[in-house]
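Engineer: This is the structure I have questions about; it appears just below.
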Amino acid sequence: MLHLKSPQLLQVLEKSLRKSLPESLKVYGTVFHMNQGNPFKLKALVDKWPDFNTVVVRPQEQEMTDDLDHYTNTYQVYSKDLESCREFLGTSDVINWGQHLQIQSSQSSLDEVIQSLAAAKLVKVKRTQCILYMMPKTAKKLVPSLLDSKNLGPTSGPSKTINQDMFKLSSLDVTHAALVNKFWHFGGNERSQRFIERCIRTFPSFCLLGPEGTPVTWGLIDQTGEMRMGGTVPEYRSQGLISYIAGVQVQMMEELGFPVYNHTDRANKIIQKMSRNLQHIPMPCDWNQWVCVPL
């Protein structure tokens, strides 16, 4: 195992991962943000260098003090070789299989590796597979081959207009984390709320404040740079507000030079329709999450 510590090595890793997009997207996005100051205090591990097979990005050990917190104990994985990946992920100094944890990857092929390791280490696994999208400008810059058959119109900025007397564009405050947590599909508990608070403190966030002065719709990004945890309170749904805030979020992140991407559940037809309207590009690979709990 090698820990890539220097900024120069992390920049080389980012360039190398770019060549493997979109399958490397979750790891690429994370390493990109590590190269922007590493605000989540992550570390990048490779099995060998420079011709690596497997990359694992994870928190520093001092960040992973709660054995039950799989929101913090998160690993992003990309591998070119499943057999070497199995060996690498099986070592205790790469993944602490004694904790509640989650593994994220844009590679569905890792499922067999993770399931077999979990069985050997007496760990229960819950896998979630979702549709992965990349924003048009990001795809044009990073994976232009994905756009060859697309006839895309202008996409920058919000696609909807809103009543600016009723709604005010703003950013989230940590005091809003409980509201976001209440509506987040993967949240709803104390540890997820702490994770949301950390994302709000660390990264740009976006919301519309309603007449009461509280958020009615919002969008965040996580440590991988992915647009996540977006939502709208029930009484303001079906007004196009989430489309508006998503358009603002994409525009702002593109102006910052970030790779912009997100995912949605296969059953969430509303967000899929919004993604089509906003010309988000569906990836040929999936968004995958494996939540692992020791038995």
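By order in the structure tokens, chains are A, B, ...; within a chain, residues start at 1; ligands start at 1, following the order shown.
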Please list as a PyMOL selection string every residue within 9 Å of Asp286 (chain A), counting only C-alpha atoms and excluding residues in the same chain fewer than 4 positions away.

Structural biologist: chain A and resi 23+105-108+129-133+263

Engineer: Please write the residues from the selection above to a file, keeping N, CA, C and O atoms, as a short mmCIF file (atom, residue, chain, number, x, y, z; two decimals), in the first residue's frame.

Structural biologist:
data_model
loop_
_atom_site.label_atom_id
_atom_site.label_comp_id
_atom_site.auth_asym_id
_atom_site.auth_seq_id
_atom_site.Cartn_x
_atom_site.Cartn_y
_atom_site.Cartn_z
N GLU A 23 -15.96 5.59 -15.65
CA GLU A 23 -15.94 4.55 -14.62
C GLU A 23 -15.23 5.01 -13.35
O GLU A 23 -15.51 4.52 -12.25
N SER A 105 -18.61 3.71 -5.57
CA SER A 105 -17.86 3.53 -6.81
C SER A 105 -18.79 3.71 -8.01
O SER A 105 -20.00 3.51 -7.90
N SER A 106 -18.20 4.08 -9.14
CA SER A 106 -18.94 4.13 -10.39
C SER A 106 -18.81 2.82 -11.16
O SER A 106 -19.17 2.76 -12.33
N GLN A 107 -18.29 1.79 -10.50
CA GLN A 107 -18.08 0.49 -11.14
C GLN A 107 -18.97 -0.58 -10.54
O GLN A 107 -18.74 -1.03 -9.42
N SER A 108 -19.96 -1.02 -11.28
CA SER A 108 -20.81 -2.11 -10.81
C SER A 108 -20.03 -3.41 -10.67
O SER A 108 -20.40 -4.29 -9.88
N GLN A 129 -27.96 0.85 -6.14
CA GLN A 129 -27.52 1.14 -7.50
C GLN A 129 -28.42 2.22 -8.07
O GLN A 129 -29.64 2.08 -8.06
N CYS A 130 -27.84 3.30 -8.57
CA CYS A 130 -28.63 4.41 -9.09
C CYS A 130 -28.12 4.83 -10.46
O CYS A 130 -27.04 4.42 -10.91
N ILE A 131 -28.89 5.69 -11.12
CA ILE A 131 -28.50 6.26 -12.40
C ILE A 131 -27.51 7.40 -12.14
O ILE A 131 -27.75 8.26 -11.27
N LEU A 132 -26.41 7.40 -12.86
CA LEU A 132 -25.37 8.41 -12.70
C LEU A 132 -25.43 9.38 -13.88
O LEU A 132 -25.52 8.95 -15.04
N TYR A 133 -25.42 10.67 -13.57
CA TYR A 133 -25.48 11.71 -14.60
C TYR A 133 -24.24 12.61 -14.52
O TYR A 133 -23.72 12.87 -13.43
N HIS A 263 -26.63 11.77 -9.06
CA HIS A 263 -27.29 10.48 -9.30
C HIS A 263 -28.75 10.61 -8.89
O HIS A 263 -29.15 11.54 -8.19
#

Engineer: Would you pick out the contacts of Trp218 (chain A) at 6 Å or less, using only C-alpha atoms, so that residues sharing its chain but fewer than 4 positions from it are not included, and give the list as a list in words?

Structural biologist: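 Using only C-alpha atoms, the neighbours found are Phe206, Cys207, Gly230 and Gly231 of chain A.
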
Engineer: List the neighbours of region 10-19 of chain A out to 7 Å using only C-alpha atoms; skip same-chain residues closer than 5 positions along the sequence, and give me the result as a PyMOL selection string.

Structural biologist: chain A and resi 4+24+28+31-32+35

Engineer: Go ahead and write the residues just picked, N, CA, C and O atoms, as a PDB file, in the first residue's frame.

Structural biologist:
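Generated output (again.pdb):
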ATOM      1  N   LEU A   4      -0.408   8.410  -1.191  1.00  0.00           N
ATOM      2  CA  LEU A   4       0.051   9.536  -2.015  1.00  0.00           C
ATOM      3  C   LEU A   4      -0.192  10.834  -1.247  1.00  0.00           C
ATOM      4  O   LEU A   4      -1.325  11.295  -1.128  1.00  0.00           O
ATOM      5  N   SER A  24     -14.313   5.956 -13.479  1.00  0.00           N
ATOM      6  CA  SER A  24     -13.548   6.428 -12.312  1.00  0.00           C
ATOM      7  C   SER A  24     -14.167   7.664 -11.670  1.00  0.00           C
ATOM      8  O   SER A  24     -13.550   8.286 -10.809  1.00  0.00           O
ATOM      9  N   TYR A  28     -12.398  10.146  -9.179  1.00  0.00           N
ATOM     10  CA  TYR A  28     -11.869  11.341  -9.848  1.00  0.00           C
ATOM     11  C   TYR A  28     -12.400  12.610  -9.177  1.00  0.00           C
ATOM     12  O   TYR A  28     -11.640  13.545  -8.882  1.00  0.00           O
ATOM     13  N   VAL A  31     -10.701  13.101  -5.748  1.00  0.00           N
ATOM     14  CA  VAL A  31      -9.299  13.531  -5.860  1.00  0.00           C
ATOM     15  C   VAL A  31      -9.224  14.967  -6.372  1.00  0.00           C
ATOM     16  O   VAL A  31      -8.364  15.754  -5.945  1.00  0.00           O
ATOM     17  N   PHE A  32     -10.132  15.332  -7.282  1.00  0.00           N
ATOM     18  CA  PHE A  32     -10.188  16.722  -7.753  1.00  0.00           C
ATOM     19  C   PHE A  32     -10.313  17.673  -6.560  1.00  0.00           C
ATOM     20  O   PHE A  32      -9.596  18.672  -6.465  1.00  0.00           O
ATOM     21  N   ASN A  35      -7.316  18.066  -4.441  1.00  0.00           N
ATOM     22  CA  ASN A  35      -6.356  18.985  -5.055  1.00  0.00           C
ATOM     23  C   ASN A  35      -6.795  20.447  -4.966  1.00  0.00           C
ATOM     24  O   ASN A  35      -6.053  21.344  -5.367  1.00  0.00           O
TER      25      ASN A  35
END

Engineer: So, counting only C-alpha atoms, which residue among A:Gly247, A:Gln36, A:Ile196, A:Lys168 is closest to Glu212 (chain A)?

Structural biologist: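 The answer is A:Lys168, which sits nearest to Glu212 (chain A).
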
Engineer: Quick one: pick out all alpha helix (DSSP H) residues within region 76-164 of chain A from a backbone DSSP run and write them as a PyMOL selection string.

Structural biologist: chain A and resi 82-89+110-120+136-142

Engineer: Please provide the set of residues having any atom within 12 Å of Asn96 (chain A), restricted to only C-alpha atoms, with same-chain residues fewer than 4 positions apart removed, written as a PyMOL selection string.

Structural biologist: chain A and resi 58-61+64-68+70+73-75+89-92+100-103+118+121+123+292-294

Engineer: Restricting the output to C-alpha atoms, write the selected residues as a PDB file, in the first residue's frame.

Structural biologist:
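What landed in again-v9.pdb:
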ATOM      1  CA  ARG A  58     -10.755   7.424   2.548  1.00  0.00           C
ATOM      2  CA  PRO A  59     -10.675   9.693   5.612  1.00  0.00           C
ATOM      3  CA  GLN A  60      -7.616   9.990   7.811  1.00  0.00           C
ATOM      4  CA  GLU A  61      -7.719   7.551  10.718  1.00  0.00           C
ATOM      5  CA  MET A  64     -12.927   7.750  11.769  1.00  0.00           C
ATOM      6  CA  THR A  65     -13.445   7.592  15.525  1.00  0.00           C
ATOM      7  CA  ASP A  66     -17.113   6.527  15.527  1.00  0.00           C
ATOM      8  CA  ASP A  67     -17.353   2.839  14.618  1.00  0.00           C
ATOM      9  CA  LEU A  68     -21.084   3.215  13.858  1.00  0.00           C
ATOM     10  CA  HIS A  70     -20.837   4.981   7.930  1.00  0.00           C
ATOM     11  CA  ASN A  73     -16.383   6.006   7.312  1.00  0.00           C
ATOM     12  CA  THR A  74     -16.753   6.239   3.535  1.00  0.00           C
ATOM     13  CA  TYR A  75     -14.396   4.794   0.930  1.00  0.00           C
ATOM     14  CA  LEU A  89      -9.440  -4.056  -0.107  1.00  0.00           C
ATOM     15  CA  GLY A  90      -8.985  -7.069   2.117  1.00  0.00           C
ATOM     16  CA  THR A  91      -6.066  -5.565   4.030  1.00  0.00           C
ATOM     17  CA  SER A  92      -6.917  -3.939   7.353  1.00  0.00           C
ATOM     18  CA  HIS A 100     -19.902   0.401   9.994  1.00  0.00           C
ATOM     19  CA  LEU A 101     -18.772   1.768   6.641  1.00  0.00           C
ATOM     20  CA  GLN A 102     -19.793   2.475   3.088  1.00  0.00           C
ATOM     21  CA  ILE A 103     -18.002   1.995  -0.214  1.00  0.00           C
ATOM     22  CA  ALA A 118     -17.921  -9.096   3.209  1.00  0.00           C
ATOM     23  CA  LYS A 121     -15.152 -10.945   7.074  1.00  0.00           C
ATOM     24  CA  VAL A 123     -20.092  -8.340   7.264  1.00  0.00           C
ATOM     25  CA  CYS A 292     -21.387  -2.602   5.301  1.00  0.00           C
ATOM     26  CA  VAL A 293     -22.215  -3.590   8.888  1.00  0.00           C
ATOM     27  CA  PRO A 294     -20.209  -6.166  10.895  1.00  0.00           C
TER      28      PRO A 294
END

Engineer: Would you list the contacts of Lys80 (chain A) as a list in words, taking every protein, DNA or RNA residue within 8 Å and counting only C-alpha atoms, but skipping same-chain residues closer than 2 positions in sequence?

Structural biologist: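 Counting only the stated atoms, we get Asn53, Thr54, Tyr78 and Leu82 of chain A.
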
Engineer: Any idea what the distance is between CA of Ala178 (chain A) and CA of Glu197 (chain A)?

Structural biologist: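 Result for CA of Ala178 (chain A) versus CA of Glu197 (chain A): 8.6 Å, one decimal.
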
Engineer: Identify which of the residues A:Glu190, A:Glu226, A:Glu63, A:Glu112 lies closest to Lys43 (chain A), counting only C-alpha atoms when measuring atom-to-atom distances.

Structural biologist: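 Looking at the shortest contact to Lys43 (chain A), the residue is A:Glu63.
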
Engineer: When you draw a straight line from CA of Gly98 (chain A) to CA of Val56 (chain A), how long is it in Å?

Structural biologist: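 CA of Val56 (chain A) lies at a distance of 17.3 Å from CA of Gly98 (chain A).
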
Engineer: One decimal, in Å: what's the spacing between CA of Asn288 (chain A) and CA of Thr72 (chain A)?

Structural biologist: 16.8 Å

Engineer: Using only C-alpha atoms, which residue out of A:Leu2, A:Met253, A:Leu9, A:Val180 lies closest to Val94 (chain A)?

Structural biologist: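 Looking only at the distances to Val94 (chain A), the closest residue turns out to be A:Leu2.
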
Engineer: Taking the DSSP secondary structure from the backbone, can you list the residues of region 52-130 of chain A that are strand (DSSP E), as an NGL selection string?

Structural biologist: :A and (54-59 or 74-79 or 101-105 or 123-130)

Engineer: Residues within 12 Å of Thr214 (chain A), please, as a list of chain:residue names. Count only C-alpha atoms; anything in the same chain fewer than 6 positions from it doesn't count.

Structural biologist: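 The neighbour list is A:Met166, A:Phe167, A:Lys168, A:Leu169, A:Ser170, A:Ser171, A:Leu172, A:Asp173, A:Thr175, A:His176, A:Ala177, A:Leu179, A:Val180, A:Cys207, A:Leu208, A:Thr232, A:Val233.
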
Engineer: Which one is closest to Val260 (chain A): A:Gln76, A:Gln8, A:Thr30, A:Gln115? Count only C-alpha atoms.

Structural biologist: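 Using only C-alpha atoms, Val260 (chain A) sits closest to A:Thr30.
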
Engineer: Counting only C-alpha atoms, figure out which residue out of A:Met134, A:Leu110, A:Leu209, A:Ala246 gets nearest to Gln164 (chain A).

Structural biologist: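 Counting only C-alpha atoms, the residue closest to Gln164 (chain A) is A:Leu209.
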
Engineer: Could you give me, as a PyMOL selection string, the residues within 9 Å of Gln223 (chain A), counting only C-alpha atoms and dropping anything in the same chain fewer than 4 positions from it?

Structural biologist: chain A and resi 29-30+33-34+38-40+42+199+202-203

Engineer: For Phe258 (chain A), which residue among A:Gly240, A:Pro204, A:Pro282, A:Pro234 is the nearest when counting only C-alpha atoms?

Structural biologist: A:Pro204
